[in-house]
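S.K.: I'm passing along protein.csv; it holds CSV, C-alpha atoms and all ligand atoms.
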```
chain,number,residue,atom,x,y,z
A,1,MET,CA,-2.0,28.5,-10.7
A,2,LYS,CA,-0.2,26.0,-8.5
A,3,PRO,CA,-2.0,22.7,-7.6
A,4,ILE,CA,-3.2,22.4,-4.0
A,5,VAL,CA,-2.7,19.3,-1.9
A,6,PHE,CA,-5.1,18.2,0.8
A,7,SER,CA,-4.9,15.3,3.1
A,8,LEU,CA,-7.2,13.2,5.3
A,9,PRO,CA,-6.2,13.1,8.9
A,10,GLY,CA,-3.1,10.8,9.4
A,11,ASN,CA,-1.7,11.5,5.9
A,12,GLU,CA,-0.2,14.9,6.6
A,13,ASP,CA,3.4,13.7,6.3
A,14,LEU,CA,3.2,12.3,2.8
A,15,ALA,CA,0.9,15.2,1.7
A,16,HIS,CA,3.5,17.6,2.9
A,17,ARG,CA,6.4,15.8,1.1
A,18,ILE,CA,4.4,15.6,-2.2
A,19,ALA,CA,3.5,19.3,-2.0
A,20,LYS,CA,7.1,20.2,-1.4
A,21,SER,CA,8.3,18.0,-4.2
A,22,ILE,CA,5.9,19.2,-6.8
A,23,GLN,CA,6.0,22.8,-5.5
A,24,ALA,CA,2.3,22.8,-4.7
A,25,GLU,CA,0.4,24.6,-2.0
A,26,LEU,CA,-0.8,22.7,1.1
A,27,GLY,CA,-4.5,23.0,1.6
A,28,GLU,CA,-6.1,23.7,4.9
A,29,THR,CA,-9.2,21.9,6.2
A,30,ILE,CA,-11.0,21.1,9.4
A,31,ILE,CA,-12.0,17.4,9.4
A,32,ARG,CA,-13.4,16.0,12.6
A,33,ARG,CA,-16.2,14.0,14.2
A,34,PHE,CA,-19.3,15.5,15.7
A,35,PRO,CA,-20.1,14.1,19.2
A,36,ASP,CA,-22.6,11.7,17.6
A,37,GLY,CA,-19.9,10.2,15.4
A,38,GLU,CA,-20.9,11.9,12.1
A,39,SER,CA,-18.2,13.5,10.0
A,40,TYR,CA,-17.6,17.3,9.8
A,41,VAL,CA,-15.6,18.7,6.9
A,42,ARG,CA,-14.7,22.3,6.2
A,43,VAL,CA,-12.4,23.6,3.5
A,44,ILE,CA,-10.5,26.7,4.5
A,45,SER,CA,-8.2,27.2,1.5
A,46,LYS,CA,-9.5,28.8,-1.7
A,47,VAL,CA,-9.8,26.1,-4.4
A,48,LYS,CA,-11.8,27.8,-7.2
A,49,ASN,CA,-10.5,26.7,-10.6
A,50,ARG,CA,-7.6,24.9,-9.1
A,51,LYS,CA,-6.3,21.4,-9.6
A,52,VAL,CA,-6.7,19.6,-6.3
A,53,ILE,CA,-4.8,16.6,-5.0
A,54,ILE,CA,-6.1,14.6,-2.0
A,55,VAL,CA,-3.7,12.3,-0.2
A,56,CYS,CA,-5.3,9.4,1.6
A,57,ALA,CA,-4.0,5.9,2.3
A,58,LEU,CA,-7.1,3.7,2.2
A,59,ASN,CA,-6.3,1.2,4.9
A,60,ASN,CA,-9.2,1.0,7.3
A,61,PRO,CA,-11.3,2.2,4.4
A,62,ASP,CA,-14.8,1.9,5.9
A,63,GLU,CA,-14.1,4.7,8.4
A,64,LYS,CA,-12.3,6.9,5.8
A,65,LEU,CA,-14.6,6.7,2.9
A,66,LEU,CA,-17.3,9.1,4.1
A,67,PRO,CA,-14.9,11.9,5.2
A,68,LEU,CA,-13.1,11.5,1.9
A,69,TYR,CA,-16.4,11.7,0.0
A,70,PHE,CA,-17.5,14.8,1.9
A,71,LEU,CA,-14.1,16.4,1.3
A,72,SER,CA,-14.2,15.7,-2.4
A,73,LYS,CA,-17.8,16.9,-2.8
A,74,THR,CA,-17.1,20.1,-0.7
A,75,LEU,CA,-14.0,20.9,-2.9
A,76,LYS,CA,-16.0,20.4,-6.0
A,77,SER,CA,-18.8,22.6,-4.8
A,78,SER,CA,-16.2,25.2,-3.8
A,79,GLY,CA,-15.1,25.3,-7.5
A,80,ALA,CA,-12.2,22.9,-7.7
A,81,GLU,CA,-11.3,22.3,-11.3
A,82,CYS,CA,-10.5,18.6,-10.8
A,83,ILE,CA,-9.7,16.2,-8.0
A,84,CYS,CA,-6.9,13.6,-8.2
A,85,LEU,CA,-6.9,11.1,-5.3
A,86,VAL,CA,-3.5,9.9,-4.3
A,87,ALA,CA,-4.3,6.7,-2.5
A,88,PRO,CA,-0.8,5.1,-2.0
A,89,TYR,CA,-2.6,2.1,-0.6
A,90,LEU,CA,-5.8,1.1,-2.2
A,91,ALA,CA,-8.3,-1.0,-0.3
A,92,TYR,CA,-10.6,-3.9,-1.2
A,93,MET,CA,-8.4,-5.0,-4.1
A,94,ARG,CA,-8.1,-8.5,-2.7
A,95,GLN,CA,-11.9,-9.1,-2.9
A,96,ASP,CA,-11.7,-9.7,-6.6
A,97,LYS,CA,-13.8,-12.8,-7.1
A,98,VAL,CA,-16.7,-14.7,-5.6
A,99,PHE,CA,-14.8,-17.1,-3.3
A,100,ASN,CA,-18.0,-18.4,-1.7
A,101,GLU,CA,-21.5,-18.5,-3.0
A,102,GLY,CA,-23.4,-15.3,-2.0
A,103,GLU,CA,-20.4,-13.0,-1.8
A,104,GLY,CA,-20.1,-9.8,-3.8
A,105,VAL,CA,-17.0,-8.8,-5.8
A,106,THR,CA,-16.4,-5.8,-3.5
A,107,SER,CA,-13.3,-4.6,-5.3
A,108,GLY,CA,-15.7,-3.6,-8.1
A,109,TYR,CA,-18.2,-2.0,-5.8
A,110,PHE,CA,-15.5,0.0,-4.1
A,111,ALA,CA,-14.1,1.1,-7.4
A,112,SER,CA,-17.5,2.3,-8.6
A,113,LEU,CA,-17.9,4.4,-5.4
A,114,LEU,CA,-14.5,6.1,-5.7
A,115,SER,CA,-14.9,6.6,-9.5
A,116,GLY,CA,-18.1,8.5,-8.7
A,117,PHE,CA,-16.6,11.3,-6.7
A,118,VAL,CA,-12.9,11.8,-7.8
A,119,ASP,CA,-11.7,12.5,-11.3
A,120,SER,CA,-8.5,10.5,-11.3
A,121,LEU,CA,-6.5,8.1,-9.1
A,122,ILE,CA,-2.9,7.5,-8.4
A,123,THR,CA,-1.9,4.4,-6.4
A,124,ILE,CA,1.1,2.3,-5.6
A,125,ASP,CA,1.2,-1.5,-6.3
A,126,PRO,CA,-2.5,-2.2,-6.0
A,127,HIS,CA,-3.2,-5.9,-5.5
A,128,LEU,CA,-3.9,-6.6,-9.2
A,129,HIS,CA,-3.7,-10.4,-9.1
A,130,ARG,CA,-6.8,-11.7,-10.9
A,131,ARG,CA,-7.4,-8.3,-12.6
A,132,HIS,CA,-4.8,-7.1,-15.0
A,133,SER,CA,-5.7,-3.5,-15.2
A,134,MET,CA,-7.4,-0.9,-13.0
A,135,SER,CA,-9.6,0.0,-15.9
A,136,GLU,CA,-11.4,-3.3,-15.5
A,137,ILE,CA,-13.1,-1.9,-12.4
A,138,TYR,CA,-12.3,1.9,-12.3
A,139,SER,CA,-14.1,4.2,-14.7
A,140,ILE,CA,-11.7,7.1,-14.0
A,141,PRO,CA,-8.1,7.5,-15.3
A,142,CYS,CA,-5.9,5.6,-12.9
A,143,GLN,CA,-2.1,5.6,-12.7
A,144,VAL,CA,-0.3,2.7,-11.1
A,145,ILE,CA,3.2,3.3,-9.7
A,146,HIS,CA,5.5,0.5,-8.7
A,147,ALA,CA,7.6,0.6,-5.5
A,148,SER,CA,10.2,-1.9,-6.8
A,149,PRO,CA,12.9,0.7,-7.7
A,150,VAL,CA,13.0,2.2,-4.2
A,151,ILE,CA,12.8,-1.3,-2.6
A,152,SER,CA,15.7,-2.5,-4.7
A,153,ALA,CA,17.7,0.6,-3.7
A,154,TYR,CA,16.9,0.0,0.0
A,155,ILE,CA,18.0,-3.6,-0.2
A,156,SER,CA,21.2,-2.8,-2.1
A,157,GLU,CA,22.1,-0.2,0.4
A,158,HIS,CA,21.2,-2.0,3.7
A,159,VAL,CA,21.4,-5.7,3.3
A,160,ILE,CA,24.6,-7.7,2.8
A,161,ASN,CA,24.3,-10.7,0.5
A,162,PRO,CA,20.5,-10.7,0.2
A,163,LEU,CA,18.3,-13.6,-1.0
A,164,LEU,CA,14.9,-12.3,-2.0
A,165,ILE,CA,11.9,-14.4,-1.1
A,166,GLY,CA,8.5,-13.9,-2.6
A,167,PRO,CA,5.5,-15.5,-0.8
A,168,ASP,CA,3.6,-16.9,-3.8
A,169,SER,CA,3.7,-17.5,-7.5
A,170,GLU,CA,1.7,-14.2,-8.0
A,171,SER,CA,4.6,-12.3,-6.5
A,172,GLU,CA,7.2,-13.7,-8.9
A,173,GLN,CA,6.8,-10.9,-11.5
A,174,TRP,CA,7.7,-8.1,-9.1
A,175,VAL,CA,10.0,-9.9,-6.7
A,176,SER,CA,12.1,-10.9,-9.7
A,177,GLU,CA,12.3,-7.3,-10.8
A,178,VAL,CA,13.3,-6.1,-7.3
A,179,ALA,CA,15.9,-8.9,-7.2
A,180,ARG,CA,17.3,-7.9,-10.7
A,181,ASN,CA,17.7,-4.3,-9.7
A,182,ALA,CA,19.3,-5.2,-6.4
A,183,SER,CA,21.6,-7.7,-8.3
A,184,ALA,CA,20.4,-10.5,-5.9
A,185,PRO,CA,19.1,-14.0,-6.3
A,186,PHE,CA,15.4,-14.8,-5.6
A,187,ILE,CA,13.1,-17.7,-4.8
A,188,VAL,CA,9.4,-17.9,-4.8
A,189,LEU,CA,7.4,-20.0,-2.3
A,190,GLU,CA,4.1,-21.8,-2.7
A,191,LYS,CA,1.4,-20.4,-0.5
A,192,THR,CA,-2.1,-21.7,0.4
A,193,ARG,CA,-4.4,-19.5,2.4
A,194,LEU,CA,-6.7,-21.7,4.5
A,195,GLY,CA,-8.4,-18.8,6.4
A,196,ASP,CA,-8.0,-15.2,7.4
A,197,LYS,CA,-5.2,-16.1,9.8
A,198,ASP,CA,-4.3,-19.5,8.5
A,199,VAL,CA,-1.5,-19.7,5.9
A,200,ASN,CA,0.6,-22.6,4.6
A,201,VAL,CA,3.9,-22.0,2.8
A,202,THR,CA,6.3,-24.4,1.2
A,203,VAL,CA,9.9,-23.5,1.2
A,204,PRO,CA,12.4,-25.2,-1.2
A,205,ASN,CA,15.8,-26.5,-0.2
A,206,LEU,CA,17.9,-23.5,0.8
A,207,GLU,CA,21.3,-25.2,1.3
A,208,LYS,CA,23.1,-23.2,-1.3
A,209,PHE,CA,21.8,-19.9,0.1
A,210,ARG,CA,23.0,-20.6,3.7
A,211,ASP,CA,25.4,-17.6,3.6
A,212,HIS,CA,22.7,-15.2,2.4
A,213,THR,CA,20.4,-12.8,4.4
A,214,PRO,CA,16.8,-13.8,3.5
A,215,VAL,CA,14.7,-10.8,2.6
A,216,LEU,CA,11.0,-11.5,2.5
A,217,VAL,CA,9.2,-9.2,0.1
A,218,ASP,CA,5.5,-8.8,-0.1
A,219,ASP,CA,3.1,-6.2,-1.3
A,220,ILE,CA,0.8,-6.2,1.8
A,221,ILE,CA,1.6,-7.2,5.3
A,222,SER,CA,-1.9,-7.6,6.8
A,223,THR,CA,-2.2,-10.4,9.5
A,224,ALA,CA,1.5,-11.0,8.9
A,225,GLN,CA,0.8,-14.8,8.9
A,226,THR,CA,2.4,-15.2,5.4
A,227,MET,CA,5.7,-13.7,6.8
A,228,ILE,CA,5.5,-15.4,10.2
A,229,GLU,CA,5.0,-18.9,8.6
A,230,THR,CA,7.9,-18.2,6.2
A,231,VAL,CA,10.1,-17.1,9.1
A,232,LYS,CA,9.4,-20.4,10.9
A,233,HIS,CA,10.5,-22.4,7.8
A,234,LEU,CA,13.6,-20.4,7.4
A,235,LYS,CA,14.5,-20.9,11.0
A,236,ASN,CA,14.0,-24.6,10.7
A,237,ALA,CA,16.2,-24.6,7.6
A,238,GLY,CA,19.0,-23.0,9.6
A,239,MET,CA,18.9,-19.6,7.7
A,240,LYS,CA,19.8,-16.3,9.2
A,241,ALA,CA,17.0,-14.1,10.7
A,242,PRO,CA,15.3,-12.5,7.8
A,243,VAL,CA,14.6,-8.8,6.9
A,244,CYS,CA,10.9,-8.4,6.1
A,245,VAL,CA,10.0,-5.8,3.5
A,246,GLY,CA,6.4,-4.8,2.8
A,247,VAL,CA,5.1,-2.2,0.5
A,248,HIS,CA,1.9,-1.6,2.5
A,249,ALA,CA,2.1,-1.7,6.3
A,250,VAL,CA,-1.6,-2.7,6.9
A,251,PHE,CA,-0.7,-4.7,10.1
A,252,ALA,CA,-4.2,-5.8,11.2
A,253,GLY,CA,-4.7,-6.1,15.0
A,254,ASN,CA,-1.5,-7.1,16.7
A,255,ALA,CA,0.2,-8.4,13.5
A,256,TYR,CA,3.1,-6.1,13.9
A,257,GLU,CA,3.9,-7.3,17.5
A,258,GLU,CA,3.5,-10.9,16.4
A,259,LEU,CA,5.8,-10.5,13.4
A,260,LYS,CA,8.4,-8.6,15.6
A,261,LYS,CA,8.6,-11.5,18.0
A,262,SER,CA,8.7,-14.2,15.4
A,263,GLY,CA,12.5,-14.1,15.1
A,264,ILE,CA,13.1,-11.6,12.4
A,265,ASN,CA,16.0,-9.3,11.9
A,266,LYS,CA,14.2,-6.1,10.8
A,267,ILE,CA,10.8,-5.0,9.4
A,268,VAL,CA,10.8,-2.2,6.8
A,269,THR,CA,7.9,-0.8,4.8
A,270,CYS,CA,7.2,2.0,2.3
A,271,ASN,CA,5.4,5.1,3.6
A,272,THR,CA,2.2,4.2,1.6
A,273,ILE,CA,0.5,3.7,5.0
A,274,PRO,CA,1.9,5.7,7.9
A,275,HIS,CA,3.6,3.2,10.3
A,276,LEU,CA,6.6,3.2,12.6
A,277,THR,CA,8.3,0.6,10.2
A,278,ASN,CA,8.3,3.1,7.3
A,279,GLY,CA,11.8,3.3,6.0
A,280,ILE,CA,11.3,3.5,2.3
A,281,ASP,CA,10.0,6.8,0.9
A,282,VAL,CA,7.7,6.8,-2.1
A,283,THR,CA,7.4,10.6,-2.4
A,284,GLU,CA,9.7,11.0,-5.4
A,285,LEU,CA,8.1,8.0,-7.1
A,286,ILE,CA,4.7,9.7,-6.9
A,287,SER,CA,5.8,13.2,-7.8
A,288,LYS,CA,8.2,12.2,-10.6
A,289,ASN,CA,6.3,9.3,-12.2
A,290,SER,CA,2.8,10.6,-11.9
A,291,LYS,CA,1.1,13.1,-14.1
A,292,ILE,CA,0.1,15.3,-11.2
B,301,LIG,C1,-1.7,-11.9,-1.1
B,301,LIG,O1,-1.8,-12.4,-2.2
B,301,LIG,C2,-0.8,-10.8,-0.8
B,301,LIG,O2,0.2,-10.6,-1.8
B,301,LIG,C3,-0.1,-10.9,0.6
B,301,LIG,O3,0.8,-12.1,0.5
B,301,LIG,C4,-1.1,-11.1,1.7
B,301,LIG,O4,-2.0,-10.0,1.6
B,301,LIG,C5,-0.4,-11.1,3.0
B,301,LIG,O5,-1.4,-11.2,4.0
B,301,LIG,P1,-1.1,-11.6,5.5
B,301,LIG,O6,-0.1,-10.6,6.0
B,301,LIG,O7,-2.5,-11.5,6.1
B,301,LIG,O8,-0.6,-13.0,5.5
```
Let me see the structure of the file written as structure tokens.

M.R.:
Amino acid sequence: MKPIVFSLPGNEDLAHRIAKSIQAELGETIIRRFPDGESYVRVISKVKNRKVIIVCALNNPDEKLLPLYFLSKTLKSSGAECICLVAPYLAYMRQDKVFNEGEGVTSGYFASLLSGFVDSLITIDPHLHRRHSMSEIYSIPCQVIHASPVISAYISEHVINPLLIGPDSESEQWVSEVARNASAPFIVLEKTRLGDKDVNVTVPNLEKFRDHTPVLVDDIISTAQTMIETVKHLKNAGMKAPVCVGVHAVFAGNAYEELKKSGINKIVTCNTIPHLTNGIDVTELISKNSKI
């Protein structure tokens, strides 16, 4: 029997693309809020003994977690054989240590919650900086897919004479890979985060790259302060307006508007989180490289 693909509200486009690509059926649900704010979930499609895929980008996770849990439990109680969560963006991965006394390592708590109600997880470029593997916190099989091949292809096709710029030393590994596949040079900056919206970056001498188009590449654009700070330095160094590439378009608050008016050339993101900047499609990466 064909697998069946469900989505949480807002994820219909990627769910539809994945279902088409793997020749699966699209599942039908009603997911809404009761007037008092509680979640209502009803599964319309028949799922008995079927492999189920749920597509849900986990940005704004607090409001999505309960509907996702209810959907998963309802599918299981309706006889689904197994549930694979495709969360192209995975939340809470940055809270991976006690930064201040009294804090919890919430990446681990979140992982325990998800591991408790889905059978497997597929995600794209989770923020694995201090952790090296998902199995350190997730107790279910997890598959990590990298967006670097599609980002390299985008840059090769759309940017003339690119210079790739990674925001911090942690990004070096994957920015260097994107650069290699796009046959472009790269540099990595030094970044210090002083607060949620307070970021310091140090940009090296860029004289020899004057003729290049700077391409800022980061895994997450959240407050966009990392990119905005970098754009300022590039401007002062007399560089061209940069292209900003993010895997995950989190764009907290008015971050998108702020980045747009900071003097950039273009903003492009992968469709791991639905956003109007989505210009790089991850469907084939998910359907060809994952075991769904
Ligand atoms: C941090 O280590 C990440 O790789 C990103 O650089 C960071 O999440 C970007 O955050 P923001 O957009 O808030 O500066």

S.K.: Around the point (-4.3, -2.7, -3.0) in the file's coordinates, collect all residues with an atom within 7 Å, using all atoms listed in the file, and return them as a list in words.

M.R.: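 Checking each residue against the 7 Å limit leaves Tyr89, Leu90, Ala91, Tyr92, Met93, Arg94, Asp125, Pro126 and His127 of chain A.
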
S.K.: Which neighbours of A:His212 fall inside 7 Å, counting only C-alpha atoms, when residues of the same chain fewer than 6 positions from it are skipped, and could you give them as a short mmCIF file (atom, residue, chain, number, x, y, z; two decimals) with C-alpha atoms, in the frame of the given file?

M.R.:
```cif
data_model
loop_
_atom_site.label_atom_id
_atom_site.label_comp_id
_atom_site.auth_asym_id
_atom_site.auth_seq_id
_atom_site.Cartn_x
_atom_site.Cartn_y
_atom_site.Cartn_z
CA ASN A 161 24.30 -10.70 0.50
CA PRO A 162 20.50 -10.70 0.20
CA LEU A 163 18.30 -13.60 -1.00
#
```

S.K.: What is the atom CA of A:Ala224 to atom CA of A:Glu101 distance in Å?

M.R.: 27.0 Å

S.K.: Of the candidates A:Asp219, A:Leu276, A:Ser290, A:Glu284, which one gets nearest to A:Ser21 if we count all atoms listed in the file?

M.R.: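 Among A:Asp219, A:Leu276, A:Ser290, A:Glu284, it is A:Glu284 that comes nearest to A:Ser21.
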
S.K.: With only C-alpha atoms and all ligand atoms counted and 8 Å as the cut-off, give the residues of chain A in contact with ligand LIG 301 (chain B), each with its shortest interatomic distance in Å and the pair that gives it, as a Markdown table.

M.R.:
```
| residue | atom | partner | partner_atom | distance |
| --- | --- | --- | --- | --- |
| A:Arg94 | CA | B:LIG301 | C1 | 7.4 |
| A:His127 | CA | B:LIG301 | O2 | 6.9 |
| A:His129 | CA | B:LIG301 | O1 | 7.4 |
| A:Pro167 | CA | B:LIG301 | O3 | 5.9 |
| A:Asp168 | CA | B:LIG301 | O3 | 7.0 |
| A:Glu170 | CA | B:LIG301 | O1 | 7.0 |
| A:Ser171 | CA | B:LIG301 | O2 | 6.7 |
| A:Asp196 | CA | B:LIG301 | O7 | 6.8 |
| A:Lys197 | CA | B:LIG301 | O7 | 6.5 |
| A:Val199 | CA | B:LIG301 | O8 | 6.8 |
| A:Asp218 | CA | B:LIG301 | O3 | 5.8 |
| A:Asp219 | CA | B:LIG301 | O2 | 5.3 |
| A:Ile220 | CA | B:LIG301 | O4 | 4.7 |
| A:Ile221 | CA | B:LIG301 | O6 | 3.9 |
| A:Ser222 | CA | B:LIG301 | O6 | 3.6 |
| A:Thr223 | CA | B:LIG301 | O7 | 3.6 |
| A:Ala224 | CA | B:LIG301 | O6 | 3.3 |
| A:Gln225 | CA | B:LIG301 | O8 | 4.1 |
| A:Thr226 | CA | B:LIG301 | O8 | 3.7 |
| A:Met227 | CA | B:LIG301 | O8 | 6.5 |
| A:Phe251 | CA | B:LIG301 | O6 | 7.2 |
| A:Ala252 | CA | B:LIG301 | O7 | 7.8 |
| A:Ala255 | CA | B:LIG301 | O6 | 7.8 |
```

S.K.: Which one is closest to A:Leu68: A:Phe34, A:Trp174, A:Tyr40, A:Phe209? Count all atoms listed in the file.

M.R.: A:Tyr40

S.K.: Work out how far atom CA of A:Gly166 is from atom CA of A:Pro242, in Å to one decimal.

M.R.: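 Going from atom CA of A:Pro242 over to atom CA of A:Gly166, I get 12.5 Å.
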
S.K.: Rebuild N, CA and C atoms on stretch 149-161 of chain A, as a PDB file, keeping the file's coordinate frame?

M.R.:
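Below is the file that was written, out_5.pdb:
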```pdb
ATOM      1  N   PRO A 149      11.575   0.025  -7.634  1.00  0.00           N
ATOM      2  CA  PRO A 149      12.900   0.700  -7.700  1.00  0.00           C
ATOM      3  C   PRO A 149      13.388   1.151  -6.313  1.00  0.00           C
ATOM      4  N   VAL A 150      12.483   1.686  -5.485  1.00  0.00           N
ATOM      5  CA  VAL A 150      13.000   2.200  -4.200  1.00  0.00           C
ATOM      6  C   VAL A 150      13.231   1.007  -3.218  1.00  0.00           C
ATOM      7  N   ILE A 151      12.499  -0.107  -3.409  1.00  0.00           N
ATOM      8  CA  ILE A 151      12.800  -1.300  -2.600  1.00  0.00           C
ATOM      9  C   ILE A 151      14.120  -1.884  -2.931  1.00  0.00           C
ATOM     10  N   SER A 152      14.388  -1.988  -4.233  1.00  0.00           N
ATOM     11  CA  SER A 152      15.700  -2.500  -4.700  1.00  0.00           C
ATOM     12  C   SER A 152      16.820  -1.637  -4.119  1.00  0.00           C
ATOM     13  N   ALA A 153      16.637  -0.328  -4.216  1.00  0.00           N
ATOM     14  CA  ALA A 153      17.700   0.600  -3.700  1.00  0.00           C
ATOM     15  C   ALA A 153      17.909   0.393  -2.247  1.00  0.00           C
ATOM     16  N   TYR A 154      16.814   0.228  -1.495  1.00  0.00           N
ATOM     17  CA  TYR A 154      16.900   0.000   0.000  1.00  0.00           C
ATOM     18  C   TYR A 154      17.743  -1.248   0.246  1.00  0.00           C
ATOM     19  N   ILE A 155      17.373  -2.325  -0.454  1.00  0.00           N
ATOM     20  CA  ILE A 155      18.000  -3.600  -0.200  1.00  0.00           C
ATOM     21  C   ILE A 155      19.516  -3.536  -0.560  1.00  0.00           C
ATOM     22  N   SER A 156      19.819  -2.948  -1.720  1.00  0.00           N
ATOM     23  CA  SER A 156      21.200  -2.800  -2.100  1.00  0.00           C
ATOM     24  C   SER A 156      22.036  -2.074  -1.084  1.00  0.00           C
ATOM     25  N   GLU A 157      21.425  -1.059  -0.521  1.00  0.00           N
ATOM     26  CA  GLU A 157      22.100  -0.200   0.400  1.00  0.00           C
ATOM     27  C   GLU A 157      22.266  -0.783   1.821  1.00  0.00           C
ATOM     28  N   HIS A 158      21.235  -1.565   2.240  1.00  0.00           N
ATOM     29  CA  HIS A 158      21.200  -2.000   3.700  1.00  0.00           C
ATOM     30  C   HIS A 158      21.379  -3.438   3.951  1.00  0.00           C
ATOM     31  N   VAL A 159      21.295  -4.299   2.937  1.00  0.00           N
ATOM     32  CA  VAL A 159      21.400  -5.700   3.300  1.00  0.00           C
ATOM     33  C   VAL A 159      22.586  -6.362   2.575  1.00  0.00           C
ATOM     34  N   ILE A 160      23.394  -7.050   3.379  1.00  0.00           N
ATOM     35  CA  ILE A 160      24.600  -7.700   2.800  1.00  0.00           C
ATOM     36  C   ILE A 160      24.185  -9.094   2.309  1.00  0.00           C
ATOM     37  N   ASN A 161      24.568  -9.388   1.073  1.00  0.00           N
ATOM     38  CA  ASN A 161      24.300 -10.700   0.500  1.00  0.00           C
ATOM     39  C   ASN A 161      22.876 -11.152   0.570  1.00  0.00           C
TER      40      ASN A 161
END
```
